[in-house]
>>> print(open('data.txt').read())   # compact mmCIF, C-alpha atoms
# COMPACT_ATOMS: atom_id res chain seq x y z
CA MET G 1 21.85 32.85 43.33
CA THR G 2 22.92 36.47 42.72
CA VAL G 3 23.59 38.79 45.72
CA THR G 4 24.39 42.54 45.47
CA MET G 5 26.63 43.93 48.23
CA ASN G 6 28.29 47.28 48.97
CA VAL G 7 32.01 46.72 49.26
CA ALA G 8 34.35 49.60 50.18
CA ASP G 9 37.44 50.28 48.09
CA GLY G 10 39.64 51.33 50.96
CA ALA G 11 38.17 53.22 53.92
CA ALA G 12 34.72 54.57 53.36
CA GLY G 13 33.97 58.00 54.69
CA PRO G 14 30.74 59.86 55.16
CA GLU G 15 30.81 61.04 51.55
CA ASP G 16 32.15 57.73 50.29
CA PRO G 17 29.68 54.99 51.05
CA GLY G 18 31.73 52.56 49.02
CA SER G 19 31.25 51.27 45.52
CA ALA G 20 28.52 48.81 44.66
CA ARG G 21 29.86 45.50 43.56
CA THR G 22 27.89 42.47 42.43
CA VAL G 23 29.03 39.21 43.91
CA VAL G 24 27.73 36.06 42.29
CA ARG G 25 27.57 32.98 44.42
CA GLN G 26 27.12 29.74 42.54
CA GLY G 27 24.66 27.35 44.11
CA LYS G 28 25.38 23.66 44.17
CA GLN G 29 24.68 21.92 40.89
CA GLY G 30 22.59 18.80 41.17
CA PRO G 31 23.47 15.52 39.51
CA PRO G 32 22.67 15.17 35.79
CA PRO G 33 19.19 13.83 34.97
CA ARG G 34 19.03 10.07 35.31
CA ARG G 35 18.44 8.19 32.08
CA ARG G 36 15.38 5.98 32.30
CA VAL G 37 16.33 2.36 31.76
CA LEU G 38 13.12 0.56 32.66
CA SER G 39 9.61 1.35 31.49
CA PRO G 40 6.98 2.04 34.16
CA LEU G 41 4.84 -0.89 35.16
CA VAL G 42 1.31 -0.78 33.82
CA GLN G 43 -1.35 -2.05 36.19
CA GLU G 44 -4.03 -3.89 34.25
CA SER G 45 -7.61 -3.70 35.36
CA THR G 46 -9.50 -6.92 36.01
CA PRO G 47 -11.69 -6.51 32.88
CA ALA G 48 -8.54 -5.98 30.79
CA ILE G 49 -6.98 -9.17 32.15
CA ILE G 50 -10.16 -11.14 31.50
CA ALA G 51 -10.45 -9.71 27.98
CA ARG G 52 -6.85 -10.74 27.23
CA LYS G 53 -7.48 -14.29 28.50
CA LEU G 54 -10.61 -14.61 26.36
CA HIS G 55 -8.75 -13.05 23.44
CA ASP G 56 -5.99 -15.67 23.71
CA ALA G 57 -8.45 -18.53 24.14
CA ILE G 58 -10.31 -17.57 20.97
CA ALA G 59 -7.03 -17.10 19.10
CA ASN G 60 -5.80 -20.53 20.19
CA GLY G 61 -9.01 -22.20 19.07
CA ASP G 62 -10.19 -23.09 22.58
CA PHE G 63 -13.46 -21.38 21.66
CA PRO G 64 -14.07 -22.26 17.99
CA PRO G 65 -15.99 -19.93 15.66
CA GLY G 66 -19.70 -20.04 16.40
CA SER G 67 -19.34 -21.39 19.94
CA GLN G 68 -21.45 -19.82 22.67
CA LEU G 69 -19.87 -18.17 25.72
CA THR G 70 -21.96 -18.12 28.89
CA GLU G 71 -21.34 -15.71 31.76
CA SER G 72 -21.96 -18.35 34.40
CA GLY G 73 -19.49 -20.83 32.90
CA LEU G 74 -16.76 -18.28 32.27
CA ALA G 75 -17.17 -16.68 35.70
CA ALA G 76 -16.75 -20.10 37.31
CA ASP G 77 -13.72 -20.96 35.15
CA LEU G 78 -11.98 -17.65 35.81
CA GLY G 79 -13.07 -17.25 39.42
CA VAL G 80 -14.37 -13.73 38.88
CA SER G 81 -17.67 -11.94 39.40
CA ARG G 82 -19.95 -11.23 36.47
CA GLY G 83 -19.40 -7.46 36.53
CA PRO G 84 -15.81 -7.36 35.21
CA LEU G 85 -16.51 -10.42 33.03
CA ARG G 86 -19.41 -8.61 31.37
CA GLU G 87 -17.20 -5.57 30.73
CA ALA G 88 -14.50 -7.77 29.20
CA MET G 89 -17.02 -9.44 26.92
CA GLN G 90 -18.32 -6.04 25.85
CA ARG G 91 -14.77 -5.13 24.81
CA LEU G 92 -14.47 -8.22 22.64
CA THR G 93 -17.88 -7.53 21.16
CA ALA G 94 -16.71 -4.02 20.22
CA GLU G 95 -13.65 -5.59 18.56
CA GLY G 96 -15.91 -7.86 16.53
CA LEU G 97 -14.68 -11.11 18.08
CA LEU G 98 -17.95 -11.80 19.85
CA VAL G 99 -21.41 -11.28 18.45
CA SER G 100 -24.62 -10.95 20.44
CA HIS G 101 -27.74 -12.76 19.28
CA ARG G 102 -30.91 -11.48 20.89
CA ASN G 103 -32.44 -13.90 23.40
CA ARG G 104 -29.63 -16.36 22.70
CA GLY G 105 -26.44 -14.88 24.14
CA LEU G 106 -22.89 -14.20 23.01
CA PHE G 107 -21.08 -16.27 20.40
CA VAL G 108 -17.59 -16.32 18.93
CA VAL G 109 -17.82 -14.71 15.52
CA SER G 110 -18.14 -17.02 12.53
CA MET G 111 -16.41 -15.66 9.47
CA ASP G 112 -18.03 -16.16 6.08
CA ASP G 113 -16.27 -15.41 2.80
CA ASP G 114 -17.26 -11.73 2.86
CA ASP G 115 -15.90 -11.37 6.40
CA ILE G 116 -12.63 -12.99 5.36
CA ARG G 117 -12.30 -10.70 2.34
CA ASP G 118 -12.96 -7.67 4.51
CA MET G 119 -10.45 -8.83 7.11
CA TYR G 120 -7.80 -9.22 4.41
CA VAL G 121 -8.48 -5.70 3.14
CA ALA G 122 -7.76 -4.38 6.66
CA ARG G 123 -4.79 -6.67 7.24
CA THR G 124 -3.21 -5.80 3.90
CA ALA G 125 -3.55 -2.07 4.58
CA VAL G 126 -1.83 -2.42 7.96
CA GLU G 127 1.00 -4.63 6.77
CA ARG G 128 1.70 -2.64 3.61
CA ALA G 129 2.03 0.45 5.78
CA ALA G 130 4.29 -1.48 8.16
CA VAL G 131 6.57 -2.51 5.29
CA GLN G 132 6.96 1.09 4.15
CA GLN G 133 7.74 2.24 7.69
CA VAL G 134 10.34 -0.47 8.24
CA ILE G 135 12.05 0.42 4.97
CA SER G 136 12.01 4.16 5.73
CA HIS G 137 13.61 3.58 9.16
CA ARG G 138 16.49 1.61 7.60
CA GLU G 139 17.25 -0.23 10.81
CA GLN G 140 19.42 -3.32 10.52
CA GLU G 141 17.89 -4.61 13.74
CA ALA G 142 14.51 -4.89 12.01
CA VAL G 143 15.98 -6.83 9.09
CA ASP G 144 17.83 -9.15 11.47
CA ALA G 145 14.62 -9.80 13.42
CA LEU G 146 12.74 -10.65 10.23
CA VAL G 147 15.56 -12.95 9.10
CA ASP G 148 15.34 -14.70 12.48
CA ALA G 149 11.57 -15.05 12.07
CA VAL G 150 12.06 -16.76 8.71
CA GLU G 151 14.65 -19.08 10.25
CA VAL G 152 12.07 -20.17 12.82
CA MET G 153 9.73 -21.00 9.93
CA ARG G 154 12.48 -23.16 8.41
CA GLU G 155 12.33 -25.39 11.49
CA PHE G 156 8.90 -26.52 10.26
CA ILE G 157 9.75 -26.84 6.57
CA ASP G 158 8.64 -30.49 6.55
CA GLU G 159 5.28 -29.58 8.11
CA PRO G 160 3.95 -26.76 5.90
CA ASN G 161 0.42 -27.17 7.27
CA GLY G 162 1.29 -27.82 10.92
CA ALA G 163 0.49 -25.69 13.93
CA GLY G 164 4.17 -24.80 14.39
CA MET G 165 4.45 -23.38 10.88
CA ALA G 166 1.23 -21.41 11.33
CA GLU G 167 2.49 -19.86 14.58
CA ALA G 168 5.89 -19.06 13.04
CA ASP G 169 4.13 -17.47 10.06
CA MET G 170 2.03 -15.30 12.38
CA ALA G 171 5.11 -14.37 14.43
CA PHE G 172 6.81 -13.12 11.26
CA HIS G 173 3.96 -10.71 10.56
CA GLN G 174 3.81 -9.60 14.19
CA THR G 175 7.53 -8.83 14.04
CA LEU G 176 7.05 -6.82 10.86
CA VAL G 177 4.35 -4.61 12.39
CA GLU G 178 6.26 -4.28 15.66
CA TYR G 179 9.32 -2.85 13.88
CA ALA G 180 7.18 -0.32 12.04
CA GLY G 181 7.36 1.60 15.32
CA SER G 182 3.75 2.78 15.15
CA GLN G 183 1.50 2.29 18.16
CA ARG G 184 -1.58 2.84 16.04
CA LEU G 185 -0.57 0.26 13.45
CA SER G 186 0.17 -2.18 16.27
CA ARG G 187 -3.24 -1.58 17.84
CA LEU G 188 -4.99 -2.10 14.51
CA HIS G 189 -2.99 -5.27 13.88
CA GLU G 190 -3.79 -6.56 17.37
CA THR G 191 -7.48 -6.03 16.70
CA ILE G 192 -7.45 -8.30 13.64
CA LEU G 193 -4.85 -10.69 15.05
CA VAL G 194 -7.37 -13.19 16.40
CA GLU G 195 -9.29 -13.29 13.12
CA THR G 196 -5.97 -13.73 11.33
CA ARG G 197 -5.12 -16.71 13.52
CA MET G 198 -8.54 -18.19 12.85
CA CYS G 199 -7.86 -17.86 9.13
CA LEU G 200 -4.39 -19.39 9.42
CA ARG G 201 -5.89 -22.43 11.13
CA ALA G 202 -8.38 -22.69 8.29
CA MET G 203 -5.52 -22.55 5.79
CA ARG G 204 -3.92 -25.71 7.15
CA GLY G 205 -3.91 -28.31 4.45
CA THR G 206 -3.64 -25.82 1.60
CA TYR G 207 0.18 -25.67 1.40
CA SER G 208 1.90 -28.42 -0.55
CA SER G 209 5.42 -27.14 0.09
CA GLY G 210 7.01 -25.70 3.18
CA LYS G 211 9.80 -24.29 1.03
CA ASP G 212 7.37 -22.27 -1.09
CA ARG G 213 5.72 -20.83 2.01
CA ILE G 214 9.08 -19.84 3.45
CA ASP G 215 10.37 -18.46 0.15
CA GLU G 216 7.47 -16.00 0.01
CA HIS G 217 8.51 -14.52 3.33
CA GLN G 218 12.22 -14.59 2.46
CA ALA G 219 11.59 -12.63 -0.75
CA LEU G 220 9.79 -9.98 1.27
CA VAL G 221 12.70 -9.76 3.71
CA ASP G 222 15.18 -9.45 0.83
CA ALA G 223 13.20 -6.55 -0.69
CA ILE G 224 13.03 -4.80 2.70
CA ALA G 225 16.76 -5.32 3.27
CA ALA G 226 17.48 -3.84 -0.17
CA GLY G 227 15.29 -0.85 0.59
CA ASP G 228 13.16 -1.59 -2.49
CA ALA G 229 9.81 -0.20 -1.37
CA ALA G 230 8.02 -0.87 -4.67
CA ALA G 231 9.09 -4.52 -4.83
CA ALA G 232 8.27 -5.09 -1.15
CA ASP G 233 4.83 -3.56 -1.59
CA ALA G 234 4.09 -5.71 -4.63
CA LEU G 235 5.25 -8.83 -2.78
CA MET G 236 3.06 -8.03 0.22
CA ILE G 237 0.00 -7.54 -2.01
CA GLU G 238 0.62 -10.86 -3.75
CA HIS G 239 1.29 -12.60 -0.41
CA MET G 240 -2.05 -11.41 0.97
CA ALA G 241 -3.87 -12.24 -2.27
CA ASP G 242 -2.46 -15.78 -2.12
CA GLY G 243 -3.72 -16.19 1.44
CA LEU G 244 -7.16 -14.92 0.45
CA ARG G 245 -7.32 -17.32 -2.50
CA ARG G 246 -6.47 -20.23 -0.21
CA LEU G 247 -9.35 -19.33 2.09
CA VAL G 248 -12.14 -18.42 -0.31
CA GLY G 249 -11.13 -20.44 -3.35
CA ASP G 250 -9.61 -19.35 -6.64
CA ASP G 251 -11.04 -15.85 -6.47
CA GLU G 252 -10.00 -13.99 -9.62
CA ASN G 253 -10.63 -10.73 -7.78
CA ALA G 254 -8.30 -11.56 -4.88
CA ASP G 255 -5.49 -9.30 -6.08
CA ARG G 256 -7.84 -6.39 -6.60
CA GLN G 257 -9.55 -7.09 -3.29
CA VAL G 258 -6.41 -6.86 -1.13
CA ALA G 259 -4.88 -4.06 -3.19
CA ARG G 260 -7.74 -1.84 -2.05
CA GLY G 261 -5.95 -1.68 1.27
>>> encode(input="data.txt", output="structure tokens")
Amino acid sequence: MTVTMNVADGAAGPEDPGSARTVVRQGKQGPPPRRRVLSPLVQESTPAIIARKLHDAIANGDFPPGSQLTESGLAADLGVSRGPLREAMQRLTAEGLLVSHRNRGLFVVSMDDDDIRDMYVARTAVERAAVQQVISHREQEAVDALVDAVEVMREFIDEPNGAGMAEADMAFHQTLVEYAGSQRLSRLHETILVETRMCLRAMRGTYSSGKDRIDEHQALVDAIAAGDAAAADALMIEHMADGLRRLVGDDENADRQVARG
């Protein structure tokens, strides 16, 4: 705060009102801004919670592809009214996980070969972008996290087609997208995550070697760690093409299909 006062230099007479002097008084300085350590809590709405539960149930195979979901049954299971349940189911329909058949109801989506190809186009685009972002950030933490994800896969090396290997495989790709540091990429990946899990379950039985499955992921990590964007991109394209071939057969167009992403 700045205050201007008249202060006399010696005795002030009638013709000497004193000289004007500016006196600056410093106000108290507050404490430095507090650094935020914790993120604010996000309150989920009831429809969002229901949608997440349904999302997880479909991803885990509790509701197989093609199975019908009834409002009455789900409302009873979840202990909720039909209003928020209906809103949650509309969200999953918008995501493409549920499909409405007129006069029949809502069903978990069944993926034919064209759906699988299309899903892999989207998944490849997201994960190729994630690879480039991770490399451009040059964060050792990201490389370490991917190395750890591969090590978890090694725990299931003797069960290349087991549920544990499939989950570890999916966790690797989730880690990759997470360390891209892009909310939009993460949202896109989350949208196709359930379909990806459905495909991974369908791929069980197609791997003859756990080592080969792990080596594919390790090669990708090595390219990322070396900062070799071209090699990492080529490895990701081939990795996705291999997955597509396992699902739809020996498709000679698989490489071209996923490279469109």
>>> atom_distance(input="data.txt", atom1="CA of Arg52 in chain G", atom2="CA of Arg91 in chain G")
10.0 Å
>>> closest_residue(input="data.txt", among="G:Glu159, G:Asp77, G:Glu87, G:Asp115", to="Thr46 in chain G", atoms="only C-alpha atoms")
G:Glu87
>>> atom_distance(input="data.txt", atom1="CA of Val134 in chain G", atom2="CA of Met153 in chain G")
20.6 Å
>>> closest_residue(input="data.txt", among="G:Ile192, G:Met236, G:Ala229, G:Leu69", to="Arg104 in chain G", atoms="all atoms listed in the file")
G:Leu69
>>> closest_residue(input="data.txt", among="G:Leu92, G:Leu247, G:Met240, G:Glu141", to="Ile58 in chain G", atoms="only C-alpha atoms")
G:Leu92
>>> atom_distance(input="data.txt", atom1="CA of Asn161 in chain G", atom2="CA of Gly210 in chain G")
7.9 Å
>>> residues_around(input="data.txt", residues="Asp148 in chain G", least_positions_apart="5", cutoff="12 Å", atoms="all atoms listed in the file", output="PyMOL selection string")
chain G and resi 141-143+153-155+168-169+171-172+175-176+217-218+221
>>> closest_residue(input="data.txt", among="G:Asp56, G:Arg138, G:Thr206, G:Ser81", to="Gly249 in chain G", atoms="only C-alpha atoms")
G:Thr206
>>> closest_residue(input="data.txt", among="G:Thr196, G:Gln140, G:Thr124, G:Thr191", to="Glu238 in chain G", atoms="all atoms listed in the file")
G:Thr124
>>> closest_residue(input="data.txt", among="G:Arg86, G:Arg213, G:Arg187, G:Arg102", to="Leu74 in chain G", atoms="all atoms listed in the file")
G:Arg86
>>> residues_around(input="data.txt", residues="Leu188 in chain G", least_positions_apart="6", cutoff="9 Å", atoms="all atoms listed in the file", output="list in words")
Ala122, Arg123 and Val126 of chain G
>>> residues_around(input="data.txt", residues="Met170 in chain G", least_positions_apart="4", cutoff="9 Å", atoms="all atoms listed in the file", output="number ranges by chain")
G: 165-166, 174-175, 193, 196-197, 200
>>> build_atoms(input="data.txt", residues="range 134-170 of chain G", atoms="N, CA and C atoms", output="short mmCIF file (atom, residue, chain, number, x, y, z; two decimals), keeping the file's coordinate frame")
data_model
loop_
_atom_site.label_atom_id
_atom_site.label_comp_id
_atom_site.auth_asym_id
_atom_site.auth_seq_id
_atom_site.Cartn_x
_atom_site.Cartn_y
_atom_site.Cartn_z
N VAL G 134 9.10 0.25 7.95
CA VAL G 134 10.34 -0.47 8.24
C VAL G 134 11.43 -0.07 7.25
N ILE G 135 11.07 0.03 5.98
CA ILE G 135 12.05 0.42 4.97
C ILE G 135 12.54 1.85 5.20
N SER G 136 11.62 2.76 5.53
CA SER G 136 12.01 4.16 5.73
C SER G 136 12.92 4.33 6.94
N HIS G 137 12.77 3.47 7.96
CA HIS G 137 13.61 3.58 9.16
C HIS G 137 15.03 3.07 8.91
N ARG G 138 15.17 2.16 7.96
CA ARG G 138 16.49 1.61 7.60
C ARG G 138 17.27 1.10 8.81
N GLU G 139 16.60 0.31 9.62
CA GLU G 139 17.25 -0.23 10.81
C GLU G 139 17.66 -1.68 10.55
N GLN G 140 18.94 -1.95 10.73
CA GLN G 140 19.42 -3.32 10.52
C GLN G 140 18.80 -4.28 11.52
N GLU G 141 18.49 -3.76 12.71
CA GLU G 141 17.89 -4.61 13.74
C GLU G 141 16.56 -5.20 13.26
N ALA G 142 15.80 -4.40 12.52
CA ALA G 142 14.51 -4.89 12.01
C ALA G 142 14.73 -6.00 10.99
N VAL G 143 15.68 -5.80 10.09
CA VAL G 143 15.98 -6.83 9.09
C VAL G 143 16.44 -8.10 9.77
N ASP G 144 17.32 -7.97 10.76
CA ASP G 144 17.83 -9.15 11.47
C ASP G 144 16.69 -9.91 12.15
N ALA G 145 15.75 -9.16 12.74
CA ALA G 145 14.62 -9.80 13.42
C ALA G 145 13.74 -10.55 12.43
N LEU G 146 13.54 -9.98 11.25
CA LEU G 146 12.74 -10.65 10.23
C LEU G 146 13.45 -11.89 9.69
N VAL G 147 14.77 -11.78 9.53
CA VAL G 147 15.56 -12.95 9.10
C VAL G 147 15.42 -14.06 10.13
N ASP G 148 15.50 -13.70 11.41
CA ASP G 148 15.34 -14.70 12.48
C ASP G 148 13.96 -15.35 12.43
N ALA G 149 12.94 -14.53 12.13
CA ALA G 149 11.57 -15.05 12.07
C ALA G 149 11.43 -16.07 10.94
N VAL G 150 12.09 -15.81 9.82
CA VAL G 150 12.06 -16.76 8.71
C VAL G 150 12.80 -18.04 9.09
N GLU G 151 13.89 -17.90 9.82
CA GLU G 151 14.65 -19.08 10.25
C GLU G 151 13.81 -19.97 11.15
N VAL G 152 12.96 -19.36 11.98
CA VAL G 152 12.07 -20.17 12.82
C VAL G 152 11.09 -20.94 11.93
N MET G 153 10.62 -20.30 10.87
CA MET G 153 9.73 -21.00 9.93
C MET G 153 10.43 -22.20 9.30
N ARG G 154 11.73 -22.07 9.04
CA ARG G 154 12.48 -23.16 8.41
C ARG G 154 12.50 -24.41 9.28
N GLU G 155 12.34 -24.23 10.59
CA GLU G 155 12.33 -25.39 11.49
C GLU G 155 11.14 -26.30 11.20
N PHE G 156 10.12 -25.75 10.54
CA PHE G 156 8.90 -26.52 10.26
C PHE G 156 8.72 -26.75 8.76
N ILE G 157 9.83 -26.73 8.02
CA ILE G 157 9.75 -26.84 6.57
C ILE G 157 9.10 -28.14 6.12
N ASP G 158 9.22 -29.20 6.92
CA ASP G 158 8.64 -30.49 6.55
C ASP G 158 7.19 -30.62 6.98
N GLU G 159 6.67 -29.57 7.66
CA GLU G 159 5.28 -29.58 8.11
C GLU G 159 4.62 -28.27 7.70
N PRO G 160 4.45 -28.06 6.38
CA PRO G 160 3.95 -26.76 5.90
C PRO G 160 2.56 -26.41 6.39
N ASN G 161 1.79 -27.41 6.82
CA ASN G 161 0.42 -27.17 7.27
C ASN G 161 0.25 -27.41 8.78
N GLY G 162 1.36 -27.55 9.49
CA GLY G 162 1.29 -27.82 10.92
C GLY G 162 1.06 -26.57 11.75
N ALA G 163 0.74 -26.80 13.01
CA ALA G 163 0.49 -25.69 13.93
C ALA G 163 1.76 -24.86 14.15
N GLY G 164 2.92 -25.53 14.18
CA GLY G 164 4.17 -24.80 14.39
C GLY G 164 4.46 -23.83 13.27
N MET G 165 4.24 -24.26 12.03
CA MET G 165 4.45 -23.38 10.88
C MET G 165 3.48 -22.20 10.92
N ALA G 166 2.23 -22.48 11.27
CA ALA G 166 1.23 -21.41 11.33
C ALA G 166 1.61 -20.36 12.36
N GLU G 167 2.09 -20.80 13.53
CA GLU G 167 2.49 -19.86 14.58
C GLU G 167 3.72 -19.06 14.16
N ALA G 168 4.68 -19.75 13.50
CA ALA G 168 5.89 -19.06 13.04
C ALA G 168 5.54 -18.03 11.95
N ASP G 169 4.60 -18.38 11.09
CA ASP G 169 4.13 -17.47 10.06
C ASP G 169 3.53 -16.22 10.71
N MET G 170 2.67 -16.43 11.70
CA MET G 170 2.03 -15.30 12.38
C MET G 170 3.07 -14.45 13.11
#
